[in-house]
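All remarks here apply to the structure that follows.
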Amino acid sequence: MAKLRNSLSPNNLTKTLSFFFFSLLAATAPSLSSATSATDTFVYGGCSQQKFSPASPYESNLNSLLTSLVNSATYSSYNNFTVMGSSSSDTARGLFQCRGDLSMPDCATCVARAVSQVGPLCPYTCGGALQLAGCYIKYDNISFLGQEDKTVVLKKCGPSEGYNTDGISRRDAVLTGLLSGGGYFRAGGSGDVQGMGQCVGDLTVSECQDCVGTAIGRLKNDCGTAVFGDMFLAKCYARYSTDGGQYNAKSHKYKTNYGGERTFAIIIGLLAAVVLLIIFLLFLRGVCSRGGK
Ligand SMILES: *[C@@H]1O[C@H](CO)[C@@H](O)[C@H](O)[C@H]1NC(C)=O
Ligand SMILES: *[C@@H]1O[C@H](CO)[C@@H](O)[C@H](O)[C@H]1NC(C)=O
C-alpha cells in the first residue's frame with residue numbers, strides 16, 4: 001500500500017493519467033476509425049520456416065522486390081516480380097493484389113502498409129504473406145507464381161443466427177450471385193446481406209472460378225447460419241456479412257449497429273469514471289496521511 005501511495009505523487013499522477021487517456025484512445029479508436037481505414041485492417045499474416053541470414057544476397061534481392069511491389073501498386077492492382085539471384089535459392093519472387101474496388105492511390109497506400117508490416121511480422125524468413133482488408137502481398141524464394149493453391153489460410157465464422165430460413169436463403173442467393181459473377185473481383189448483395197470475392201491475379205480465369213467456387217462452398221458448409229463468414233484460401237477468398245456491418249470480425253464487435261457502438265462507448269465512459277474516482281481517492285488519502293504526519 002505504501003508503495004502504491006508513493007507511486008501516486010502528483011508528478012506520477014499526471015503521468016498515470018496521461019497514460020490512462022492514451023489507453024482510452026487506443027480502446028475507442030477502432031470504433032471511430034474503422035469506417036475510414038477499412039482497407040488497412042489486418043486480416044492474417046504468415047511466414048515460412050526457412051530463414052535467410054542478415055546482409056545476404058537474398059536480403060537485398062528481397063528488398064528490391066518489396067520496393068518494386070510498392071512502386072508498381074501506384075499504377076496497377078496486380079503485379080508479380082522475380083529478382084534473380086546468382087543461385088535459385090537467392091531468387092526472390094513476389095506479388096501483390098489489391099481488392100478490385102480500390103482506387104490506385106488507395107491500392108498503393110495499402111501495399112506500402114502491408115510491406116512495412118510484413119518485415120516485423122516475418123523477421124528474416126525467406127517467405128512471407130500478409131492480407132489486409134484491401135490488399136494482399138506474398139513473397140518467397142520458392143516458386144509459387146501462377147500456381148493455384150486452395151489451402152485454407154483463414155476461416156472465421158460469426159455467431160450463429162440460429163435457424164433463420166429467410167436470412168440464410170438471402171445469404172445463399174448472394175453467394176450464388178458471387179459464384180456466377182465472373183472476374184477476379186466480385187461483390188454484390190441486397191440490403192444488409194453483402195458478399196465479396198477476390199482472386200490473386202496470377203490465376204487463370206478458370207482457376208479463379210474454381211478457387212472462388214471452393215471458398216463459397218466452404219462458407220456455406222462450414223459457417224452454416226453464421227451472421228458473417230470469411231474464407232481465405234491461399235489464392236482467393238470469399239466473405240459475406242448479413243447484418244449490414246463490415247466484413248471483418250474485429251469491426252463486428254463494435255459496428256453491428258450504431259446502438260451497439262453507443263453502448264460500447266458508454267461502458268468505456270463508465271469504466272473511465274470509476275478508475276478516475278479510485279485514482280482521485282487514493283491521491284486524497286496520500287495527501288491526508290502525509291499532511292497528518
Ligand atoms: C530458400 O532459401 C533457403 C535459405 O537460404 C534455402 O535453404 C532453400 O533451399 C531455398 N529454397 C529454394 C527453393 O531455393
Ligand atoms: C508476371 O508478370 C509478367 C510481367 O508483368 C507477366 O508477363 C506474367 O504473365 C506474370 N506471371 C503471372 C504468373 O502472373
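How things are named: the first chain in the C-alpha cells is A, the next is B, and so on; residues count from 1 in each chain; ligands count from 1 in the order shown.
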Practice task
Please return as a VMD selection string: the residues of range 50-264 of chain A that backbone DSSP assigns to strand (DSSP E or B).
Solution key: chain A and resid 51 78 to 83 92 to 98 125 128 to 132 135 to 140 152 to 157 160 185 to 190 193 to 199 226 228 to 233 236 to 241
Handout entry: Contacts with ligand 2 at most 7 Å, only C-alpha atoms and all ligand atoms counted, listed as a list of chain:residue names
Key = A:Asn79, A:Asn80, A:Phe81, A:Leu145, A:Gly146, A:Gly201, A:Asp202, A:Leu203
Could those selected residues go to a file with N, CA, C and O atoms, as a compact mmCIF listing (two decimals), in the first residue's frame?
# COMPACT_ATOMS: atom_id res chain seq x y z
N ASN A 79 0.46 -7.25 -59.71
CA ASN A 79 1.69 -7.47 -60.47
C ASN A 79 2.54 -8.51 -59.77
O ASN A 79 2.36 -8.77 -58.58
N ASN A 80 3.42 -9.14 -60.56
CA ASN A 80 4.37 -10.08 -59.96
C ASN A 80 5.78 -9.71 -60.37
O ASN A 80 5.99 -9.10 -61.43
N PHE A 81 6.74 -10.05 -59.54
CA PHE A 81 8.14 -9.74 -59.82
C PHE A 81 9.01 -10.92 -59.44
O PHE A 81 8.70 -11.66 -58.50
N LEU A 145 4.35 -18.51 -58.12
CA LEU A 145 3.61 -17.68 -59.06
C LEU A 145 2.88 -18.55 -60.07
O LEU A 145 3.45 -19.51 -60.60
N GLY A 146 1.65 -18.22 -60.33
CA GLY A 146 0.88 -18.94 -61.34
C GLY A 146 0.38 -20.29 -60.89
O GLY A 146 -0.10 -21.07 -61.71
N GLY A 201 -4.21 -12.23 -59.04
CA GLY A 201 -4.16 -12.08 -60.49
C GLY A 201 -3.28 -13.07 -61.23
O GLY A 201 -3.26 -13.06 -62.46
N ASP A 202 -2.56 -13.94 -60.53
CA ASP A 202 -1.72 -14.90 -61.26
C ASP A 202 -2.50 -16.16 -61.62
O ASP A 202 -1.97 -17.03 -62.30
N LEU A 203 -3.76 -16.26 -61.19
CA LEU A 203 -4.58 -17.40 -61.59
C LEU A 203 -5.16 -17.14 -62.98
O LEU A 203 -5.36 -15.99 -63.37
Problem - Top pick for closest residue to Ser241 in chain A, considering A:Gly158, A:Ser143, A:Glu148, A:Asp222 and counting only C-alpha atoms - result: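 Counting only C-alpha atoms, the residue closest to Ser241 in chain A is A:Gly158.
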Practice task
Give as a list of chain:residue names the residues surrounding ligand 1 up to a distance of 8 Å, considering only C-alpha atoms and all ligand atoms.
Solution key: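 Here is the list of contacting residues: A:Gln50, A:Lys51, A:Phe52, A:Ser53, A:Tyr58, A:Ser87, A:Ser88, A:Ser89, A:Asp90, A:Thr91, A:Cys126, A:Asp140, A:Asn141, A:Ile142, A:Ser143.
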Exercise for the section: as a count of residues only, list the residues of range 108-150 of chain A assigned to alpha helix (DSSP H) by DSSP on the backbone atoms of this structure. Expected result: 14
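The spacing separating CA of Val200 in chain A from CA of Arg170 in chain A amounts to 27.1 Å.
Each of A:Met196, A:Leu69, A:Leu95, A:Ala234 was checked against Leu178 in chain A using only C-alpha atoms; the smallest atom-to-atom distance is that of A:Met196.
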Problem - Contacts of Arg239 in chain A within 6 Å, only C-alpha atoms, excl. fewer than 6 positions in-chain, as a PyMOL selection string - result: chain A and resi 195-196+229-231
Completion exercise
Using only C-alpha atoms, the shortest atom-to-atom distance to Leu102 in chain A among A:Gly45, A:Gly85, A:Pro120, A:Gly134 belongs to A:Gly134
Near range 106-112 of chain A, within 10 Å and counting only C-alpha atoms, which residues show up once chain neighbours fewer than 5 positions away are dropped, as an mmCIF file with C-alpha atoms, in the first residue's frame?
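Output file part_6.cif is given in full below:
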data_model
loop_
_atom_site.group_PDB
_atom_site.id
_atom_site.type_symbol
_atom_site.label_atom_id
_atom_site.label_comp_id
_atom_site.auth_asym_id
_atom_site.auth_seq_id
_atom_site.Cartn_x
_atom_site.Cartn_y
_atom_site.Cartn_z
ATOM 1 C CA SER A 37 -9.333 2.801 -42.530
ATOM 2 C CA THR A 39 -8.566 -1.163 -46.214
ATOM 3 C CA ASP A 40 -5.786 -1.224 -43.581
ATOM 4 C CA THR A 41 -7.485 -3.751 -41.313
ATOM 5 C CA LEU A 66 9.387 -5.302 -51.977
ATOM 6 C CA THR A 67 10.276 -1.867 -53.364
ATOM 7 C CA LEU A 69 5.730 -4.101 -55.277
ATOM 8 C CA VAL A 70 5.167 -0.716 -53.642
ATOM 9 C CA ASN A 71 6.092 1.223 -56.806
ATOM 10 C CA SER A 72 4.006 -0.966 -59.066
ATOM 11 C CA ALA A 73 0.903 -0.574 -56.884
ATOM 12 C CA THR A 74 0.732 3.105 -57.903
ATOM 13 C CA TYR A 75 -0.378 2.108 -61.432
ATOM 14 C CA SER A 76 -1.642 -1.485 -61.259
ATOM 15 C CA SER A 77 -3.907 -3.503 -58.981
ATOM 16 C CA TYR A 78 -1.895 -6.710 -59.520
ATOM 17 C CA PHE A 96 0.640 -8.080 -54.688
ATOM 18 C CA GLN A 97 -3.087 -7.992 -55.320
ATOM 19 C CA CYS A 98 -5.317 -5.079 -54.412
ATOM 20 C CA ARG A 99 -9.028 -5.504 -53.875
ATOM 21 C CA GLY A 100 -10.723 -4.770 -57.198
ATOM 22 C CA ASP A 101 -12.732 -1.789 -55.943
ATOM 23 C CA GLN A 117 4.139 -4.636 -41.591
ATOM 24 C CA LEU A 130 0.143 -10.599 -45.425
ATOM 25 C CA GLN A 131 -3.521 -9.946 -46.097
ATOM 26 C CA LEU A 132 -5.021 -6.594 -45.163
ATOM 27 C CA ALA A 133 -8.687 -5.917 -45.927
ATOM 28 C CA GLY A 134 -7.711 -4.008 -49.087
ATOM 29 C CA CYS A 135 -4.661 -5.841 -50.392
ATOM 30 C CA TYR A 136 -2.505 -8.952 -50.268
ATOM 31 C CA ILE A 137 1.260 -9.412 -50.631
#
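Using only C-alpha atoms, the smallest distance between any of A:Cys199, A:Thr176, A:Gly127, A:Val274 and Gly217 in chain A comes from A:Thr176.
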Practice task
Go ahead and compute the interatomic distance for CA of Gln198 in chain A and CA of Asn61 in chain A, in Å to one decimal.
Solution key: 28.4 Å
Skipping near chain neighbours, those fewer than 3 positions away, what residues fall within 7 Å of Val152 in chain A using only C-alpha atoms, listed as an mmCIF file with N, CA, C and O atoms, in the first residue's frame?
data_model
loop_
_atom_site.group_PDB
_atom_site.id
_atom_site.type_symbol
_atom_site.label_atom_id
_atom_site.label_comp_id
_atom_site.auth_asym_id
_atom_site.auth_seq_id
_atom_site.Cartn_x
_atom_site.Cartn_y
_atom_site.Cartn_z
ATOM 1 N N LYS A 155 -10.159 -19.040 -41.692
ATOM 2 C CA LYS A 155 -11.603 -19.273 -41.706
ATOM 3 C C LYS A 155 -12.177 -18.648 -40.452
ATOM 4 O O LYS A 155 -11.679 -18.896 -39.358
ATOM 5 N N PHE A 232 -10.632 -17.443 -46.430
ATOM 6 C CA PHE A 232 -9.459 -17.033 -47.192
ATOM 7 C C PHE A 232 -8.650 -18.266 -47.560
ATOM 8 O O PHE A 232 -8.119 -18.949 -46.681
ATOM 9 N N LEU A 233 -8.583 -18.559 -48.867
ATOM 10 C CA LEU A 233 -7.702 -19.607 -49.365
ATOM 11 C C LEU A 233 -6.420 -18.915 -49.836
ATOM 12 O O LEU A 233 -6.371 -17.692 -49.943
ATOM 13 N N ALA A 234 -5.376 -19.725 -50.118
ATOM 14 C CA ALA A 234 -4.084 -19.103 -50.431
ATOM 15 C C ALA A 234 -4.156 -18.175 -51.651
ATOM 16 O O ALA A 234 -3.472 -17.152 -51.680
#
